[in-house]
$ cat query.txt   # compact mmCIF, C-alpha atoms and all ligand atoms
# COMPACT_ATOMS: atom_id res chain seq x y z
CA MET H 1 -0.30 13.45 -32.49
CA GLU H 2 -3.40 13.21 -30.35
CA SER H 3 -6.24 15.62 -30.98
CA VAL H 4 -6.86 18.37 -28.47
CA PHE H 5 -10.59 18.23 -29.14
CA LYS H 6 -13.31 15.92 -27.85
CA ALA H 7 -14.02 13.01 -30.18
CA ASP H 8 -17.66 13.95 -30.81
CA ILE H 9 -17.41 17.59 -31.87
CA LEU H 10 -18.49 16.78 -35.44
CA LYS H 11 -20.82 13.94 -34.55
CA GLY H 12 -23.62 13.63 -37.09
CA LYS H 13 -21.97 15.97 -39.61
CA VAL H 14 -21.25 15.12 -43.23
CA ALA H 15 -18.22 16.61 -44.96
CA LEU H 16 -17.00 16.58 -48.54
CA VAL H 17 -13.30 17.29 -49.03
CA THR H 18 -11.95 18.00 -52.52
CA GLY H 19 -8.36 16.98 -52.98
CA GLY H 20 -8.94 14.72 -49.97
CA GLY H 21 -6.88 11.82 -51.31
CA SER H 22 -3.55 13.15 -50.08
CA GLY H 23 -1.65 15.78 -48.14
CA ILE H 24 -3.29 18.45 -46.05
CA CYS H 25 -6.77 17.66 -47.29
CA PHE H 26 -6.49 13.99 -46.44
CA GLU H 27 -5.51 15.06 -42.92
CA ILE H 28 -8.57 17.30 -42.72
CA ALA H 29 -10.78 14.40 -43.84
CA LEU H 30 -9.12 12.12 -41.29
CA GLN H 31 -9.53 14.57 -38.42
CA PHE H 32 -13.13 15.32 -39.36
CA GLY H 33 -13.81 11.58 -39.41
CA LYS H 34 -12.06 10.95 -36.11
CA HIS H 35 -14.27 13.61 -34.56
CA GLY H 36 -17.53 12.07 -35.69
CA ALA H 37 -18.16 13.21 -39.26
CA ALA H 38 -18.89 11.01 -42.25
CA VAL H 39 -16.59 12.06 -45.07
CA GLY H 40 -16.60 12.02 -48.83
CA ILE H 41 -13.29 12.66 -50.54
CA MET H 42 -13.01 13.81 -54.15
CA GLY H 43 -10.07 13.58 -56.50
CA ARG H 44 -9.00 12.78 -60.02
CA ARG H 45 -6.87 9.72 -59.24
CA LYS H 46 -8.90 6.63 -58.41
CA HIS H 47 -6.00 4.69 -56.89
CA ALA H 48 -5.15 7.55 -54.52
CA LEU H 49 -8.79 7.87 -53.49
CA ASP H 50 -9.16 4.12 -52.92
CA ALA H 51 -6.05 4.01 -50.76
CA ALA H 52 -7.19 7.03 -48.77
CA VAL H 53 -10.67 5.60 -48.22
CA ASP H 54 -9.09 2.34 -46.96
CA VAL H 55 -7.11 4.28 -44.37
CA LEU H 56 -10.15 6.25 -43.26
CA ARG H 57 -12.32 3.14 -42.95
CA SER H 58 -9.56 1.32 -41.05
CA GLN H 59 -9.99 4.02 -38.39
CA GLY H 60 -13.72 3.33 -38.18
CA ILE H 61 -14.65 6.39 -40.22
CA ARG H 62 -17.65 6.32 -42.57
CA ALA H 63 -15.96 7.33 -45.81
CA ILE H 64 -16.47 7.25 -49.55
CA GLY H 65 -14.27 8.33 -52.44
CA VAL H 66 -15.82 9.87 -55.53
CA GLU H 67 -13.76 10.49 -58.64
CA GLY H 68 -14.15 13.85 -60.26
CA ASP H 69 -12.50 17.00 -61.55
CA VAL H 70 -13.48 20.19 -59.72
CA ARG H 71 -13.22 22.11 -63.00
CA LYS H 72 -16.20 20.26 -64.49
CA GLN H 73 -19.71 21.25 -63.51
CA GLU H 74 -21.11 17.76 -64.15
CA ASP H 75 -18.41 16.23 -61.93
CA ALA H 76 -19.12 18.70 -59.15
CA ALA H 77 -22.84 17.91 -59.29
CA LYS H 78 -22.17 14.15 -59.38
CA VAL H 79 -19.79 14.18 -56.42
CA VAL H 80 -21.99 16.39 -54.26
CA GLU H 81 -25.03 14.24 -55.04
CA SER H 82 -23.15 10.99 -54.35
CA THR H 83 -22.10 12.31 -50.97
CA VAL H 84 -25.66 13.32 -50.10
CA LYS H 85 -27.03 10.02 -51.42
CA ASN H 86 -24.62 8.06 -49.23
CA PHE H 87 -24.85 10.09 -46.05
CA GLY H 88 -28.22 11.86 -46.31
CA LYS H 89 -27.05 15.48 -46.30
CA LEU H 90 -24.06 17.79 -46.57
CA ASP H 91 -22.83 20.05 -43.76
CA ILE H 92 -19.26 20.92 -44.70
CA LEU H 93 -17.52 21.46 -48.02
CA VAL H 94 -13.73 21.76 -47.97
CA ASN H 95 -12.35 23.19 -51.20
CA GLY H 96 -8.83 21.82 -51.14
CA ALA H 97 -8.11 20.66 -54.68
CA ALA H 98 -5.23 22.69 -56.09
CA GLY H 99 -2.74 22.67 -58.92
CA ASN H 100 0.77 23.89 -58.49
CA PHE H 101 4.14 24.04 -60.15
CA LEU H 102 7.02 26.47 -60.11
CA VAL H 103 7.62 28.32 -63.35
CA ALA H 104 9.01 31.70 -64.33
CA ALA H 105 6.30 33.99 -65.69
CA GLU H 106 7.95 34.26 -69.10
CA ASP H 107 7.86 30.47 -69.43
CA LEU H 108 4.28 30.02 -68.23
CA SER H 109 1.90 29.48 -71.13
CA LEU H 110 -1.55 30.98 -71.15
CA ASN H 111 -2.95 27.49 -70.77
CA GLY H 112 -0.64 26.81 -67.81
CA PHE H 113 -1.89 29.98 -66.10
CA LYS H 114 -5.50 29.14 -66.88
CA THR H 115 -5.13 25.57 -65.69
CA VAL H 116 -4.22 26.59 -62.15
CA LEU H 117 -6.90 29.28 -62.07
CA ASP H 118 -9.37 26.66 -63.31
CA ILE H 119 -8.50 24.10 -60.65
CA ASP H 120 -8.14 26.45 -57.70
CA THR H 121 -10.47 29.35 -58.35
CA ILE H 122 -13.08 28.07 -60.78
CA GLY H 123 -13.03 24.72 -58.96
CA THR H 124 -13.77 26.41 -55.64
CA TYR H 125 -16.64 28.36 -57.15
CA ASN H 126 -18.00 25.37 -59.05
CA MET H 127 -18.03 23.07 -56.01
CA SER H 128 -19.47 25.76 -53.75
CA HIS H 129 -22.20 26.56 -56.25
CA GLU H 130 -23.19 22.90 -56.64
CA ALA H 131 -23.13 22.33 -52.88
CA PHE H 132 -25.12 25.46 -52.05
CA LYS H 133 -28.60 23.95 -52.07
CA TYR H 134 -27.49 21.23 -49.65
CA LEU H 135 -25.47 23.52 -47.36
CA LYS H 136 -28.06 26.20 -46.86
CA LYS H 137 -30.35 26.34 -43.87
CA GLY H 138 -33.34 24.11 -44.56
CA GLY H 139 -31.43 22.13 -47.21
CA PRO H 140 -32.14 18.40 -47.59
CA GLY H 141 -31.49 16.49 -44.38
CA LYS H 142 -30.91 19.70 -42.42
CA GLY H 143 -32.91 21.34 -39.70
CA SER H 144 -34.52 24.66 -40.46
CA THR H 145 -32.13 26.54 -38.19
CA THR H 146 -28.69 25.31 -39.12
CA GLY H 147 -26.71 26.01 -42.24
CA GLY H 148 -23.38 24.56 -43.23
CA LEU H 149 -19.77 25.57 -43.73
CA ILE H 150 -17.49 26.09 -46.72
CA LEU H 151 -13.78 25.95 -45.90
CA ASN H 152 -11.46 27.14 -48.64
CA ILE H 153 -7.82 26.10 -48.52
CA SER H 154 -5.76 29.10 -49.50
CA ALA H 155 -2.09 30.08 -49.02
CA THR H 156 0.01 33.01 -47.81
CA LEU H 157 2.09 33.28 -50.98
CA HIS H 158 0.05 36.17 -52.34
CA TYR H 159 0.17 38.32 -49.20
CA THR H 160 3.51 39.60 -50.42
CA THR H 161 4.30 37.52 -53.48
CA ALA H 162 6.37 34.49 -54.37
CA TRP H 163 8.91 33.64 -57.03
CA TYR H 164 7.60 31.56 -59.93
CA GLN H 165 4.08 31.41 -58.54
CA ILE H 166 2.22 34.12 -60.46
CA HIS H 167 -0.55 31.66 -61.33
CA VAL H 168 -0.94 30.32 -57.79
CA CYS H 169 -0.78 33.79 -56.20
CA ALA H 170 -3.53 35.02 -58.53
CA ALA H 171 -5.65 31.93 -57.90
CA LYS H 172 -5.38 32.06 -54.11
CA ALA H 173 -6.00 35.82 -53.97
CA ALA H 174 -9.23 35.23 -55.88
CA ILE H 175 -10.19 32.43 -53.49
CA ASP H 176 -9.72 34.73 -50.48
CA SER H 177 -11.94 37.28 -52.18
CA MET H 178 -14.62 34.66 -52.88
CA THR H 179 -14.47 33.57 -49.24
CA ARG H 180 -15.58 37.05 -48.25
CA SER H 181 -18.17 37.45 -51.01
CA LEU H 182 -19.85 34.14 -50.27
CA ALA H 183 -19.66 34.73 -46.53
CA LEU H 184 -21.52 37.99 -47.04
CA GLU H 185 -24.23 36.64 -49.33
CA TRP H 186 -24.68 33.09 -48.08
CA GLY H 187 -23.87 33.85 -44.46
CA THR H 188 -26.45 36.61 -44.32
CA ASP H 189 -29.22 34.93 -46.25
CA HIS H 190 -28.64 31.19 -45.81
CA ASP H 191 -26.64 30.66 -42.60
CA ILE H 192 -23.68 29.20 -44.48
CA ARG H 193 -20.38 30.19 -42.91
CA VAL H 194 -17.60 30.60 -45.46
CA ASN H 195 -14.03 30.67 -44.19
CA GLY H 196 -10.54 29.81 -45.30
CA ILE H 197 -7.32 28.42 -43.94
CA ALA H 198 -4.01 29.71 -45.27
CA PRO H 199 -1.39 27.10 -44.42
CA GLY H 200 2.30 27.85 -44.47
CA PRO H 201 4.73 25.18 -45.65
CA ILE H 202 3.66 21.85 -44.22
CA LYS H 203 5.95 18.82 -43.89
CA ASP H 204 5.38 15.53 -45.67
CA THR H 205 2.90 16.77 -48.26
CA PRO H 206 3.00 16.30 -52.02
CA GLY H 207 2.87 20.09 -52.35
CA ILE H 208 6.06 20.71 -50.41
CA GLN H 209 7.84 17.72 -51.91
CA LYS H 210 7.09 18.99 -55.37
CA LEU H 211 7.70 22.66 -54.86
CA LEU H 212 10.72 23.05 -52.70
CA PRO H 213 14.03 23.00 -54.45
CA GLU H 214 16.27 20.45 -52.79
CA GLU H 215 18.80 22.96 -51.53
CA LEU H 216 16.17 24.83 -49.54
CA LYS H 217 15.35 21.72 -47.58
CA TYR H 218 18.82 21.58 -46.07
CA ARG H 219 19.94 25.18 -45.92
CA ALA H 220 20.59 26.54 -42.40
CA GLY H 221 19.18 29.78 -41.06
CA ASP H 222 16.35 31.08 -38.99
CA ASN H 223 14.10 31.98 -41.88
CA MET H 224 14.16 28.74 -43.77
CA ILE H 225 11.10 26.90 -44.88
CA VAL H 226 11.70 23.48 -43.45
CA GLU H 227 12.72 24.76 -40.04
CA ARG H 228 9.48 26.68 -39.92
CA ALA H 229 7.31 24.06 -41.58
CA GLY H 230 4.26 22.84 -39.74
CA GLU H 231 2.66 19.43 -39.44
CA LYS H 232 -0.47 18.32 -41.25
CA TRP H 233 -1.95 17.96 -37.76
CA ASP H 234 -1.74 21.76 -37.30
CA ILE H 235 -4.01 22.26 -40.29
CA GLY H 236 -6.33 19.47 -39.19
CA MET H 237 -6.77 21.09 -35.76
CA ALA H 238 -7.43 24.52 -37.30
CA ALA H 239 -10.04 23.01 -39.59
CA LEU H 240 -11.72 21.29 -36.65
CA TYR H 241 -11.82 24.54 -34.70
CA ILE H 242 -13.50 26.39 -37.55
CA ALA H 243 -15.89 23.50 -38.33
CA SER H 244 -16.93 22.86 -34.74
CA ASP H 245 -19.33 24.90 -32.65
CA ALA H 246 -16.28 26.68 -31.22
CA GLY H 247 -16.09 28.44 -34.58
CA LYS H 248 -19.78 29.19 -34.98
CA PHE H 249 -19.25 32.97 -34.91
CA ILE H 250 -16.40 32.91 -37.45
CA ASN H 251 -17.48 33.92 -40.94
CA GLY H 252 -15.66 35.48 -43.88
CA THR H 253 -12.16 35.06 -42.52
CA THR H 254 -9.08 33.20 -43.66
CA LEU H 255 -7.09 31.86 -40.76
CA ILE H 256 -3.33 31.86 -41.30
CA VAL H 257 -1.79 28.69 -39.89
CA ASP H 258 1.92 29.05 -40.52
CA GLY H 259 3.63 29.66 -37.17
CA GLY H 260 4.25 33.24 -38.28
CA TYR H 261 6.29 32.16 -41.29
CA TRP H 262 4.91 34.71 -43.72
CA ILE H 263 5.87 37.64 -41.49
CA SER H 264 9.32 36.24 -40.69
CA ARG H 265 12.41 38.18 -41.75
CA PRO H 266 16.14 37.50 -41.59
CA ARG H 267 17.59 38.59 -38.22
CA ARG H 268 19.74 41.73 -38.39
C1 LIG H 301 5.21 24.90 -66.76
C2 LIG H 301 3.34 23.55 -66.81
C3 LIG H 301 3.89 22.72 -65.80
C4 LIG H 301 5.19 23.06 -65.29
C5 LIG H 301 1.95 21.94 -66.37
N1 LIG H 301 2.15 23.03 -67.10
N2 LIG H 301 3.00 21.72 -65.55
N3 LIG H 301 3.99 24.64 -67.28
N4 LIG H 301 5.80 24.15 -65.78
N5 LIG H 301 5.77 22.33 -64.32
C6 LIG H 301 1.29 23.53 -68.16
C7 LIG H 301 1.23 22.56 -69.30
O1 LIG H 301 2.35 22.71 -70.15
C8 LIG H 301 -0.07 22.97 -69.99
O2 LIG H 301 0.08 24.12 -70.77
C9 LIG H 301 -0.94 23.35 -68.80
O3 LIG H 301 -0.06 23.64 -67.70
C10 LIG H 301 -1.85 22.22 -68.38
O4 LIG H 301 -1.06 21.09 -68.07
P1 LIG H 301 -1.69 19.63 -67.98
O5 LIG H 301 -0.64 18.73 -67.45
O6 LIG H 301 -2.35 19.28 -69.27
O7 LIG H 301 -2.87 19.89 -66.95
P2 LIG H 301 -3.53 18.91 -65.94
O8 LIG H 301 -3.36 17.47 -66.33
O9 LIG H 301 -4.89 19.43 -65.73
O10 LIG H 301 -2.66 19.11 -64.61
C11 LIG H 301 -2.65 20.35 -63.99
C12 LIG H 301 -1.49 20.47 -62.98
C13 LIG H 301 -1.64 19.38 -61.98
C14 LIG H 301 -1.71 21.81 -62.37
C15 LIG H 301 -0.15 20.42 -63.68
O11 LIG H 301 -1.35 18.14 -62.48
C16 LIG H 301 -0.83 19.62 -60.77
O12 LIG H 301 -0.18 20.58 -60.51
N6 LIG H 301 -0.88 18.74 -59.92
C17 LIG H 301 -0.16 18.90 -58.65
C18 LIG H 301 -1.10 19.00 -57.59
C19 LIG H 301 -0.40 19.51 -56.34
O13 LIG H 301 0.81 19.51 -56.23
N7 LIG H 301 -1.20 19.93 -55.38
C20 LIG H 301 -0.69 20.42 -54.18
C21 LIG H 301 -0.75 21.86 -54.25
S1 LIG H 301 0.10 22.47 -52.86
P3 LIG H 301 0.30 24.04 -72.40
O14 LIG H 301 0.42 25.47 -72.81
O15 LIG H 301 1.54 23.24 -72.60
O16 LIG H 301 -0.92 23.37 -72.96
C22 LIG H 301 -0.18 24.04 -52.82
C23 LIG H 301 0.48 24.70 -51.66
C24 LIG H 301 1.35 25.80 -52.11
O17 LIG H 301 -0.89 24.56 -53.60
C25 LIG H 301 2.22 26.33 -50.98
C26 LIG H 301 3.53 25.60 -50.81
C27 LIG H 301 4.59 26.32 -49.99
$ encode --input "query.txt" --output "structure tokens"
Amino acid sequence: MESVFKADILKGKVALVTGGGSGICFEIALQFGKHGAAVGIMGRRKHALDAAVDVLRSQGIRAIGVEGDVRKQEDAAKVVESTVKNFGKLDILVNGAAGNFLVAAEDLSLNGFKTVLDIDTIGTYNMSHEAFKYLKKGGPGKGSTTGGLILNISATLHYTTAWYQIHVCAAKAAIDSMTRSLALEWGTDHDIRVNGIAPGPIKDTPGIQKLLPEELKYRAGDNMIVERAGEKWDIGMAALYIASDAGKFINGTTLIVDGGYWISRPRR
């Protein structure tokens, strides 16, 4: 689908997208690149990163892939620094790397719970903390008046709750809380906007392919996930809106982009 935005709205910006090798976060990297940004993508799987970078470059986007695990402080530092070394600065950090699997609470080991918290929550904090000195107003390569943006990819699962997702609900709730805390501290003192996007189910992503039991994909009804699933494009456009100057007054919020799915109920 064509973008609804002008092609230069992120001209001159540099973005780093964790989990940018596939799914929603690849789409965000692609849309940022198509609208003028240089993009670094971070992930654990080299082959996925290489393939993603090829696609980005084939569209004329300045792109690099840097291997790393968001849970490790040394990886976070290395990836942030590589991005700055390549492109001269950092304007936007998208915290998209996430772990997910469905499991009943009684079958979820302590390590399984911790692993998802580590990737999602600790990873978001770790990356944000390492990126801070580059994102803040006056950071390297930046003017003295403009700070950057952190965009945290959340979910809506924890607004009510979700079966077999105790670990993910806890992780995403903590991310939403961090979005507000960092927006308060870094928005006030350093001109860094910190926002989130909470996508609903999105078609053709590894997340939905992995998580949705087969029968749900084909069940009829007006409250079913696939009928209400969005496109990756919807998330890309929301990210562009928040990242562009159109979103310059948005700070500390998590934008739900789910077509109203989380508030939907069976018709009576
Ligand atoms: C139960 C599991 C499990 C499973 C892993 N574990 N998979 N427990 N059921 N399916 C447990 C392991 O047994 C182990 O605990 C612990 O978790 C760590 O597992 P590892 O495989 O060693 O960890 P690691 O290699 O770091 O991988 C972590 C991972 C990750 C979370 C499993 O590989 C992963 O999920 N990748 C998928 C990424 C993904 O799908 N991202 C998209 C997210 S979409 P023990 O006790 O045995 O040591 C999304 C949107 C949600 O978030 C909304 C959709 C509607």
$ residues_around --input "query.txt" --residues "Leu240 in chain H" --least-positions-apart "3" --cutoff "8 Å" --atoms "only C-alpha atoms" --output "list in words"
Ile28, Gln31, Phe32, Gly236, Met237, Ala243 and Ser244 of chain H
$ closest_residue --input "query.txt" --among "H:Gly23, H:Pro201, H:Gly252, H:Gly12" --to "ligand LIG 301 (chain H)" --atoms "all atoms listed in the file"
H:Pro201
$ axis_aligned_box --input "query.txt" --around "range 181-188 of chain H" --padding-each-side "8 Å" --output "JSON"
{"center_x": -22.3, "center_y": 35.5, "center_z": -47.7, "size_x": 24.3, "size_y": 20.9, "size_z": 22.7}
$ closest_residue --input "query.txt" --among "H:Ala162, H:Met1, H:Ile263, H:Leu102" --to "ligand LIG 301 (chain H)" --atoms "all atoms listed in the file"
H:Leu102
$ atom_distance --input "query.txt" --atom1 "CA of Leu212 in chain H" --atom2 "atom O13 of ligand LIG 301 (chain H)"
11.1 Å
$ residues_near_ligand --input "query.txt" --ligand "ligand LIG 301 (chain H)" --cutoff "8 Å" --atoms "all atoms listed in the file" --output "PyMOL selection string"
chain H and resi 23+97-103+107-116+119+154-157+168+199-202+205-208+210-212
$ atom_distance --input "query.txt" --atom1 "CA of Ala229 in chain H" --atom2 "CA of Ser58 in chain H"
28.3 Å
$ atom_distance --input "query.txt" --atom1 "CA of Ile64 in chain H" --atom2 "CA of Thr83 in chain H"
7.7 Å
$ closest_residue --input "query.txt" --among "H:Trp262, H:Cys169, H:Tyr164, H:Gly147" --to "Gly187 in chain H" --atoms "all atoms listed in the file"
H:Gly147
$ residues_near_point --input "query.txt" --point "(-7.8, 32.2, -47.6)" --cutoff "6 Å" --atoms "all atoms listed in the file" --output "list of chain:residue names"
H:Ser154, H:Asp176, H:Gly196, H:Ile197, H:Ala198, H:Thr254
$ write_last_selection --input "query.txt" --atoms "C-alpha atoms" --output "PDB file, in the frame of the given file"
ATOM      1  CA  SER H 154      -5.760  29.100 -49.500  1.00  0.00           C
ATOM      2  CA  ASP H 176      -9.720  34.730 -50.480  1.00  0.00           C
ATOM      3  CA  GLY H 196     -10.540  29.810 -45.300  1.00  0.00           C
ATOM      4  CA  ILE H 197      -7.320  28.420 -43.940  1.00  0.00           C
ATOM      5  CA  ALA H 198      -4.010  29.710 -45.270  1.00  0.00           C
ATOM      6  CA  THR H 254      -9.080  33.200 -43.660  1.00  0.00           C
TER       7      THR H 254
END
$ decode --input "query.txt" --residues "range 112-150 of chain H" --atoms "C-alpha atoms" --output "compact mmCIF listing (two decimals), in the first residue's frame"
# COMPACT_ATOMS: atom_id res chain seq x y z
CA GLY H 112 10.70 -19.11 30.76
CA PHE H 113 9.00 -16.22 32.58
CA LYS H 114 12.31 -14.43 33.11
CA THR H 115 13.37 -14.92 29.52
CA VAL H 116 10.43 -12.95 28.12
CA LEU H 117 10.78 -10.26 30.78
CA ASP H 118 14.48 -10.08 29.92
CA ILE H 119 13.94 -9.67 26.19
CA ASP H 120 10.96 -7.34 26.31
CA THR H 121 11.31 -5.30 29.48
CA ILE H 122 14.99 -5.42 30.39
CA GLY H 123 15.84 -5.22 26.67
CA THR H 124 13.79 -2.05 26.29
CA TYR H 125 15.45 -0.47 29.30
CA ASN H 126 18.93 -1.60 28.28
CA MET H 127 18.66 -0.25 24.74
CA SER H 128 17.08 3.00 25.89
CA HIS H 129 19.75 3.50 28.52
CA GLU H 130 22.59 2.92 26.04
CA ALA H 131 20.97 5.17 23.44
CA PHE H 132 20.23 8.00 25.87
CA LYS H 133 23.43 10.00 25.42
CA TYR H 134 22.92 10.03 21.64
CA LEU H 135 19.17 10.76 21.74
CA LYS H 136 19.26 13.67 24.14
CA LYS H 137 19.25 17.26 23.03
CA GLY H 138 22.82 18.28 22.27
CA GLY H 139 23.90 14.66 21.80
CA PRO H 140 26.58 13.85 19.20
CA GLY H 141 25.55 14.95 15.72
CA LYS H 142 22.47 16.73 17.04
CA GLY H 143 21.59 20.38 17.22
CA SER H 144 21.29 21.95 20.63
CA THR H 145 17.52 22.29 20.34
CA THR H 146 16.29 18.92 19.16
CA GLY H 147 16.13 15.68 21.08
CA GLY H 148 15.13 12.29 19.79
CA LEU H 149 12.38 9.72 20.11
CA ILE H 150 12.04 6.31 21.74
